[in-house]
Amino acid sequence: MTLVIFPGRDQPDAAIFWVDLKTGEEGVATPLSALAARRNGDQKQQICLAVPGDQAMSRDLTLPMKRERDVRRAAHLALEDQLAAPLSDMEIAVGADHQGQRLVSVAAGDHLRTMIEAAQAEGLDPDIVTIDHALLPAPDEGEAVMLTVGGRQLFRSSSAAATFEPGFAELILEGTGTALSSLSIADMVAPETVPNFRRGGLAKRMPLPDLRPYALAASLLLAAGVLFLMSNAVEAMRYASAASKLETQAEARYLETYPGSPIVDLERQLRARSSGPTLQSKFVPLASVLAEVLQEYEDTAVASLSYDPDGELTAEIVFSKFSDLEQVTEALRAQGVAASEGSDARRQEGAYITRLFLRAA
């Protein structure tokens, strides 16, 4: 379950309110360092940082596109004329799809980075970074809801969401005939469905593994390797003379068999004459298709590639959700690549790692 934290606008290192959705515990005016200590190293518990929304804007938009890239492009175009600042200075996040409707939040990049860095400095690295008012459920047409948290009034109508000073929501709705209802913390939507800014330049970084426990083993292996190489060097000197004689004999035999053919690279020339034309490697086409497909999935990346002479490309893939892996596999197949997933998926540092086997169909 998730720990939802509402940081202060002027004091981002403290929570004006927090709630643990698993236990139901909640509190006010709590330093983030105390919440980090309360978490006690439980990396399975997600952290949702609900940043102050008075410097953000959220709109409900009709975005029926399936591809995330198309959804984000359409959201940019829809909100471009509504922003006072250029889009280059802003970050956009898109919520879950509800029958073609999505909540789209826009916030200043500097504002978001300040909140994230303050949490990280206190020992909390949030998994979800959203706007506080995005946690409200969408009301029906002609209705509006609000939730008061630590002196902020979170507001959402059927078409937009915002964060106001107390009493402002009632003021702007006066005379509109819109019914305004008050909510409690228990009415918040699941943090996993709200617009999450933890992507792109604000994406959560996977920590590098601690290699110190392996330092001694690596030193012993290095020492053993040096001894092995020294013993092999003695053997190599012994056989160097014999190898030179064999090479001379092989060159003479080649000139006898193919008179008038100069020797440039004996091994390659013999291989070419014995096996004939070789098939063109499929590595570059397969790798190009894989790179093109992964551009659509920013939370999925390649950790390593290997290629065998039989024409199979093996890609070690790092991904956050199995649904993303399935979509990547289907996209590869749609591009004419025979793609199959390995059975060795493993969890590592907050992500999953597995292998994809690719062949030209």
# chains A, B, ... in the order shown; residues from 1 in each chain; ligands from 1
>>> select_by_dssp(residues="stretch 116-205 of chain A", states="strand (DSSP E)", output="PyMOL selection string")
chain A and resi 128-131+143-149+152-157+160-164+179-182
>>> write_last_selection(atoms="N, CA, C and O atoms", output="mmCIF file, in the first residue's frame")
data_model
loop_
_atom_site.group_PDB
_atom_site.id
_atom_site.type_symbol
_atom_site.label_atom_id
_atom_site.label_comp_id
_atom_site.auth_asym_id
_atom_site.auth_seq_id
_atom_site.Cartn_x
_atom_site.Cartn_y
_atom_site.Cartn_z
ATOM 1 N N ILE A 128 5.556 8.020 -6.733
ATOM 2 C CA ILE A 128 4.520 8.766 -7.448
ATOM 3 C C ILE A 128 4.632 10.233 -7.041
ATOM 4 O O ILE A 128 4.664 10.549 -5.852
ATOM 5 N N VAL A 129 4.733 11.112 -8.034
ATOM 6 C CA VAL A 129 4.722 12.556 -7.780
ATOM 7 C C VAL A 129 3.542 13.121 -8.555
ATOM 8 O O VAL A 129 3.513 13.072 -9.793
ATOM 9 N N THR A 130 2.561 13.637 -7.832
ATOM 10 C CA THR A 130 1.348 14.139 -8.469
ATOM 11 C C THR A 130 0.969 15.476 -7.849
ATOM 12 O O THR A 130 1.640 15.974 -6.943
ATOM 13 N N ILE A 131 -0.117 16.065 -8.347
ATOM 14 C CA ILE A 131 -0.641 17.312 -7.801
ATOM 15 C C ILE A 131 -1.704 16.952 -6.771
ATOM 16 O O ILE A 131 -2.494 16.023 -6.974
ATOM 17 N N GLU A 143 -21.790 18.900 -10.821
ATOM 18 C CA GLU A 143 -21.405 18.768 -9.417
ATOM 19 C C GLU A 143 -19.920 19.077 -9.268
ATOM 20 O O GLU A 143 -19.164 19.086 -10.237
ATOM 21 N N ALA A 144 -19.522 19.341 -8.024
ATOM 22 C CA ALA A 144 -18.117 19.587 -7.701
ATOM 23 C C ALA A 144 -17.845 19.038 -6.307
ATOM 24 O O ALA A 144 -18.761 18.899 -5.486
ATOM 25 N N VAL A 145 -16.565 18.698 -6.059
ATOM 26 C CA VAL A 145 -16.168 18.162 -4.750
ATOM 27 C C VAL A 145 -14.960 18.937 -4.260
ATOM 28 O O VAL A 145 -14.190 19.498 -5.041
ATOM 29 N N MET A 146 -14.800 18.948 -2.932
ATOM 30 C CA MET A 146 -13.619 19.596 -2.370
ATOM 31 C C MET A 146 -13.160 18.834 -1.139
ATOM 32 O O MET A 146 -13.929 18.121 -0.480
ATOM 33 N N LEU A 147 -11.854 18.983 -0.847
ATOM 34 C CA LEU A 147 -11.242 18.356 0.319
ATOM 35 C C LEU A 147 -10.268 19.359 0.910
ATOM 36 O O LEU A 147 -9.396 19.879 0.207
ATOM 37 N N THR A 148 -10.420 19.659 2.194
ATOM 38 C CA THR A 148 -9.534 20.614 2.850
ATOM 39 C C THR A 148 -8.409 19.854 3.546
ATOM 40 O O THR A 148 -8.654 18.982 4.382
ATOM 41 N N VAL A 149 -7.159 20.170 3.171
ATOM 42 C CA VAL A 149 -5.984 19.503 3.733
ATOM 43 C C VAL A 149 -4.973 20.563 4.148
ATOM 44 O O VAL A 149 -4.440 21.284 3.303
ATOM 45 N N ARG A 152 -5.233 23.962 2.720
ATOM 46 C CA ARG A 152 -5.456 24.017 1.276
ATOM 47 C C ARG A 152 -6.853 23.490 0.979
ATOM 48 O O ARG A 152 -7.306 22.532 1.602
ATOM 49 N N GLN A 153 -7.491 24.081 0.006
ATOM 50 C CA GLN A 153 -8.790 23.595 -0.439
ATOM 51 C C GLN A 153 -8.617 22.951 -1.812
ATOM 52 O O GLN A 153 -8.415 23.624 -2.806
ATOM 53 N N LEU A 154 -8.660 21.612 -1.830
ATOM 54 C CA LEU A 154 -8.528 20.874 -3.082
ATOM 55 C C LEU A 154 -9.905 20.796 -3.721
ATOM 56 O O LEU A 154 -10.881 20.428 -3.083
ATOM 57 N N PHE A 155 -9.976 21.123 -5.011
ATOM 58 C CA PHE A 155 -11.254 21.272 -5.703
ATOM 59 C C PHE A 155 -11.221 20.493 -7.012
ATOM 60 O O PHE A 155 -10.212 20.459 -7.716
ATOM 61 N N ARG A 156 -12.365 19.849 -7.339
ATOM 62 C CA ARG A 156 -12.480 19.196 -8.648
ATOM 63 C C ARG A 156 -13.925 19.251 -9.123
ATOM 64 O O ARG A 156 -14.851 18.922 -8.379
ATOM 65 N N SER A 157 -14.071 19.682 -10.364
ATOM 66 C CA SER A 157 -15.380 19.661 -11.013
ATOM 67 C C SER A 157 -15.373 18.546 -12.054
ATOM 68 O O SER A 157 -14.433 17.744 -12.117
ATOM 69 N N ALA A 160 -12.385 20.008 -14.526
ATOM 70 C CA ALA A 160 -11.092 20.561 -14.123
ATOM 71 C C ALA A 160 -10.865 20.308 -12.641
ATOM 72 O O ALA A 160 -11.767 19.893 -11.905
ATOM 73 N N ALA A 161 -9.628 20.566 -12.211
ATOM 74 C CA ALA A 161 -9.269 20.450 -10.794
ATOM 75 C C ALA A 161 -8.279 21.554 -10.465
ATOM 76 O O ALA A 161 -7.505 21.996 -11.325
ATOM 77 N N ALA A 162 -8.298 22.024 -9.219
ATOM 78 C CA ALA A 162 -7.419 23.121 -8.822
ATOM 79 C C ALA A 162 -7.247 23.105 -7.306
ATOM 80 O O ALA A 162 -7.954 22.382 -6.586
ATOM 81 N N THR A 163 -6.302 23.917 -6.825
ATOM 82 C CA THR A 163 -6.050 24.077 -5.389
ATOM 83 C C THR A 163 -6.225 25.548 -5.039
ATOM 84 O O THR A 163 -5.601 26.421 -5.664
ATOM 85 N N PHE A 164 -7.088 25.829 -4.044
ATOM 86 C CA PHE A 164 -7.424 27.202 -3.690
ATOM 87 C C PHE A 164 -7.139 27.470 -2.222
ATOM 88 O O PHE A 164 -6.885 26.559 -1.425
ATOM 89 N N ALA A 179 -23.598 21.960 -7.436
ATOM 90 C CA ALA A 179 -23.638 21.427 -6.072
ATOM 91 C C ALA A 179 -22.225 21.078 -5.627
ATOM 92 O O ALA A 179 -21.523 20.323 -6.298
ATOM 93 N N LEU A 180 -21.795 21.639 -4.488
ATOM 94 C CA LEU A 180 -20.452 21.405 -3.968
ATOM 95 C C LEU A 180 -20.529 20.491 -2.756
ATOM 96 O O LEU A 180 -21.220 20.797 -1.779
ATOM 97 N N SER A 181 -19.803 19.365 -2.805
ATOM 98 C CA SER A 181 -19.803 18.392 -1.707
ATOM 99 C C SER A 181 -18.416 18.321 -1.081
ATOM 100 O O SER A 181 -17.397 18.419 -1.774
ATOM 101 N N SER A 182 -18.394 18.145 0.240
ATOM 102 C CA SER A 182 -17.121 17.992 0.963
ATOM 103 C C SER A 182 -16.761 16.518 1.059
ATOM 104 O O SER A 182 -17.617 15.670 1.318
#
>>> residues_around(residues="A:Glu26", least_positions_apart="5", cutoff="10 Å", atoms="only C-alpha atoms", output="ChimeraX atom specification")
/A:3-5,17-21,185
>>> atom_distance(atom1="atom CA of A:Glu122", atom2="atom CA of A:Val189")
26.4 Å
>>> residues_around(residues="A:Gln45", least_positions_apart="2", cutoff="12 Å", atoms="only C-alpha atoms", output="list in words")
Met1, Thr2, Leu3, Val4, Asp20, Leu21, Lys22, Thr23, Ala36, Arg38, Arg39, Asn40, Gly41, Asp42, Gln43, Ile47, Cys48, Leu124, Asp125, Pro126, Asp127, Ile128 and Gly350 of chain A
>>> residues_around(residues="A:Glu296", least_positions_apart="4", cutoff="9 Å", atoms="only C-alpha atoms", output="list in words")
Arg67, Glu68, Arg69, Glu292, Thr300 and Val328 of chain A
>>> write_last_selection(atoms="all heavy atoms", output="CSV table (one decimal), in the first residue's frame")
chain,number,residue,atom,x,y,z
A,67,ARG,N,-1.9,4.7,-27.7
A,67,ARG,CA,-0.5,4.9,-27.5
A,67,ARG,C,-0.2,6.1,-26.6
A,67,ARG,O,-0.7,7.2,-26.8
A,67,ARG,CB,0.3,5.0,-28.8
A,67,ARG,CG,0.2,3.8,-29.7
A,67,ARG,CD,1.3,3.8,-30.7
A,67,ARG,NE,1.4,5.0,-31.5
A,67,ARG,CZ,2.4,5.2,-32.3
A,67,ARG,NH1,3.3,4.3,-32.5
A,67,ARG,NH2,2.4,6.4,-33.0
A,68,GLU,N,0.7,5.8,-25.6
A,68,GLU,CA,1.0,6.9,-24.6
A,68,GLU,C,1.6,8.1,-25.3
A,68,GLU,O,1.3,9.2,-24.9
A,68,GLU,CB,1.9,6.3,-23.6
A,68,GLU,CG,2.1,7.2,-22.3
A,68,GLU,CD,0.8,7.3,-21.5
A,68,GLU,OE1,0.0,6.5,-21.6
A,68,GLU,OE2,0.7,8.3,-20.7
A,69,ARG,N,2.4,7.8,-26.3
A,69,ARG,CA,3.0,9.0,-27.0
A,69,ARG,C,2.0,9.8,-27.7
A,69,ARG,O,2.1,11.1,-27.6
A,69,ARG,CB,4.0,8.4,-28.1
A,69,ARG,CG,4.9,9.4,-28.8
A,69,ARG,CD,5.8,8.7,-29.7
A,69,ARG,NE,6.7,9.6,-30.4
A,69,ARG,CZ,7.7,9.2,-31.2
A,69,ARG,NH1,7.8,7.9,-31.5
A,69,ARG,NH2,8.5,10.1,-31.8
A,292,GLU,N,13.3,1.0,-32.2
A,292,GLU,CA,12.2,1.8,-32.6
A,292,GLU,C,11.0,1.5,-31.7
A,292,GLU,O,10.2,2.5,-31.3
A,292,GLU,CB,11.8,1.5,-34.1
A,292,GLU,CG,10.6,2.3,-34.6
A,292,GLU,CD,10.3,1.9,-36.0
A,292,GLU,OE1,11.1,1.2,-36.7
A,292,GLU,OE2,9.2,2.3,-36.5
A,300,THR,N,10.8,1.2,-20.2
A,300,THR,CA,11.4,-0.1,-20.6
A,300,THR,C,12.7,0.2,-21.3
A,300,THR,O,12.7,1.0,-22.2
A,300,THR,CB,10.4,-0.9,-21.5
A,300,THR,OG1,9.2,-1.0,-20.8
A,300,THR,CG2,10.9,-2.3,-21.8
A,328,VAL,N,5.5,-4.6,-25.6
A,328,VAL,CA,6.7,-4.5,-26.4
A,328,VAL,C,6.8,-5.7,-27.3
A,328,VAL,O,7.1,-5.7,-28.5
A,328,VAL,CB,7.9,-4.4,-25.5
A,328,VAL,CG1,9.2,-4.7,-26.3
A,328,VAL,CG2,8.0,-3.0,-24.9
>>> select_by_dssp(residues="stretch 11-124 of chain A", states="alpha helix (DSSP H)", output="ChimeraX atom specification")
/A:32-39,68-79,109-121
>>> residues_around(residues="stretch 332-341 of chain A", least_positions_apart="5", cutoff="10 Å", atoms="only C-alpha atoms", output="ChimeraX atom specification")
/A:285-286,289-290,292-294,312-315,317,325-327,354-361
>>> atom_distance(atom1="atom CA of A:Gln99", atom2="atom CA of A:Glu298")
23.7 Å
>>> closest_residue(among="A:Ala119, A:Leu305, A:Val318, A:Ala331", to="A:Ala345", atoms="only C-alpha atoms")
A:Val318
>>> closest_residue(among="A:Arg198, A:Arg72, A:Arg59, A:Lys66", to="A:Ser159", atoms="only C-alpha atoms")
A:Arg59
>>> atom_distance(atom1="atom CA of A:Ala37", atom2="atom CA of A:Ala50")
19.4 Å
>>> residues_around(residues="A:Gly95", least_positions_apart="3", cutoff="6 Å", atoms="only C-alpha atoms", output="VMD selection string")
chain A and resid 102 to 103 193 to 195
>>> write_last_selection(atoms="C-alpha atoms", output="compact mmCIF listing (two decimals), in the first residue's frame")
# COMPACT_ATOMS: atom_id res chain seq x y z
CA ARG A 102 -8.09 11.39 -18.71
CA LEU A 103 -7.05 13.92 -16.10
CA THR A 193 -4.31 6.03 -11.26
CA VAL A 194 -3.47 9.74 -10.98
CA PRO A 195 -1.15 11.76 -13.26
>>> decode(residues="stretch 4-127 of chain A", atoms="C-alpha atoms", output="compact mmCIF listing (two decimals), in the first residue's frame")
# COMPACT_ATOMS: atom_id res chain seq x y z
CA VAL A 4 0.54 9.69 0.76
CA ILE A 5 2.43 12.84 1.79
CA PHE A 6 1.23 16.44 1.34
CA PRO A 7 4.41 18.58 1.71
CA GLY A 8 4.30 22.23 2.67
CA ARG A 9 4.71 24.77 -0.10
CA ASP A 10 7.17 26.94 1.87
CA GLN A 11 8.58 24.00 3.88
CA PRO A 12 8.91 21.09 1.42
CA ASP A 13 10.91 19.07 3.97
CA ALA A 14 7.81 18.69 6.18
CA ALA A 15 4.34 17.25 5.61
CA ILE A 16 1.33 19.41 6.45
CA PHE A 17 -0.60 16.12 6.34
CA TRP A 18 0.12 12.44 5.64
CA VAL A 19 -1.88 9.22 5.58
CA ASP A 20 -0.85 5.55 5.43
CA LEU A 21 -3.44 3.89 3.18
CA LYS A 22 -2.60 0.44 4.55
CA THR A 23 -2.99 1.10 8.26
CA GLY A 24 -5.23 4.18 8.11
CA GLU A 25 -2.79 6.12 10.30
CA GLU A 26 -2.47 9.83 9.58
CA GLY A 27 -0.73 12.88 10.97
CA VAL A 28 -0.04 16.58 10.54
CA ALA A 29 3.01 18.86 10.73
CA THR A 30 5.50 16.00 10.48
CA PRO A 31 9.12 16.31 9.24
CA LEU A 32 9.79 14.07 6.24
CA SER A 33 12.80 12.65 8.09
CA ALA A 34 10.40 11.30 10.73
CA LEU A 35 8.28 9.66 8.02
CA ALA A 36 11.43 8.11 6.54
CA ALA A 37 12.29 6.68 9.97
CA ARG A 38 8.71 5.45 10.37
CA ARG A 39 8.97 3.62 7.08
CA ASN A 40 11.95 1.74 8.58
CA GLY A 41 13.45 0.62 5.27
CA ASP A 42 10.23 -0.95 3.95
CA GLN A 43 10.97 -0.62 0.22
CA LYS A 44 7.71 -2.36 -0.73
CA GLN A 45 5.65 0.56 0.54
CA GLN A 46 5.11 3.13 -2.20
CA ILE A 47 5.57 6.83 -1.52
CA CYS A 48 3.14 9.27 -3.16
CA LEU A 49 4.19 12.94 -2.98
CA ALA A 50 1.11 15.18 -3.46
CA VAL A 51 2.78 18.52 -4.21
CA PRO A 52 0.92 21.81 -3.67
CA GLY A 53 -1.35 22.49 -6.62
CA ASP A 54 -1.54 26.27 -6.41
CA GLN A 55 1.19 26.42 -9.10
CA ALA A 56 -0.39 23.75 -11.30
CA MET A 57 -3.35 23.23 -13.60
CA SER A 58 -5.41 20.08 -14.22
CA ARG A 59 -8.03 19.45 -16.89
CA ASP A 60 -10.25 16.50 -17.82
CA LEU A 61 -9.68 15.87 -21.52
CA THR A 62 -11.14 13.44 -24.04
CA LEU A 63 -8.10 11.45 -25.19
CA PRO A 64 -9.19 8.14 -26.75
CA MET A 65 -5.74 7.33 -28.19
CA LYS A 66 -4.17 4.05 -27.11
CA ARG A 67 -0.49 4.86 -27.49
CA GLU A 68 0.97 6.88 -24.61
CA ARG A 69 3.02 8.95 -27.04
CA ASP A 70 -0.10 10.03 -28.95
CA VAL A 71 -1.94 10.80 -25.71
CA ARG A 72 0.83 13.13 -24.53
CA ARG A 73 1.02 14.92 -27.89
CA ALA A 74 -2.72 15.54 -27.88
CA ALA A 75 -2.57 16.79 -24.27
CA HIS A 76 0.20 19.26 -25.21
CA LEU A 77 -1.87 20.66 -28.07
CA ALA A 78 -5.03 20.91 -25.95
CA LEU A 79 -3.35 22.82 -23.12
CA GLU A 80 -0.89 24.95 -25.07
CA ASP A 81 -3.22 27.94 -25.34
CA GLN A 82 -4.31 27.75 -21.69
CA LEU A 83 -0.85 28.18 -20.14
CA ALA A 84 0.70 31.49 -19.21
CA ALA A 85 4.22 30.01 -19.37
CA PRO A 86 5.84 28.21 -22.34
CA LEU A 87 5.42 24.43 -22.40
CA SER A 88 9.22 24.04 -22.43
CA ASP A 89 9.26 25.20 -18.78
CA MET A 90 6.42 22.87 -17.77
CA GLU A 91 5.98 19.17 -17.09
CA ILE A 92 2.85 17.27 -18.17
CA ALA A 93 1.47 14.08 -16.59
CA VAL A 94 -1.55 12.05 -17.71
CA GLY A 95 -3.84 9.97 -15.48
CA ALA A 96 -5.49 6.63 -16.12
CA ASP A 97 -7.98 6.14 -18.94
CA HIS A 98 -11.66 6.28 -17.88
CA GLN A 99 -13.68 5.53 -21.03
CA GLY A 100 -11.57 7.89 -23.11
CA GLN A 101 -11.41 10.59 -20.41
CA ARG A 102 -8.09 11.39 -18.71
CA LEU A 103 -7.05 13.92 -16.10
CA VAL A 104 -4.04 15.87 -17.36
CA SER A 105 -1.90 17.89 -14.92
CA VAL A 106 0.62 20.59 -15.82
CA ALA A 107 3.14 22.03 -13.34
CA ALA A 108 6.36 24.06 -13.41
CA GLY A 109 9.38 21.77 -13.69
CA ASP A 110 11.36 23.75 -11.08
CA HIS A 111 8.49 23.45 -8.59
CA LEU A 112 8.37 19.67 -8.99
CA ARG A 113 12.15 19.26 -8.77
CA THR A 114 12.26 21.31 -5.56
CA MET A 115 9.67 19.04 -3.93
CA ILE A 116 11.35 15.82 -5.09
CA GLU A 117 14.84 16.92 -4.02
CA ALA A 118 13.55 18.00 -0.58
CA ALA A 119 12.00 14.55 -0.04
CA GLN A 120 15.15 12.76 -1.22
CA ALA A 121 17.30 14.85 1.12
CA GLU A 122 15.19 13.59 4.04
CA GLY A 123 15.47 9.93 3.02
CA LEU A 124 12.30 9.52 0.94
CA ASP A 125 12.47 8.82 -2.80
CA PRO A 126 8.84 9.10 -4.02
CA ASP A 127 7.47 6.54 -6.49
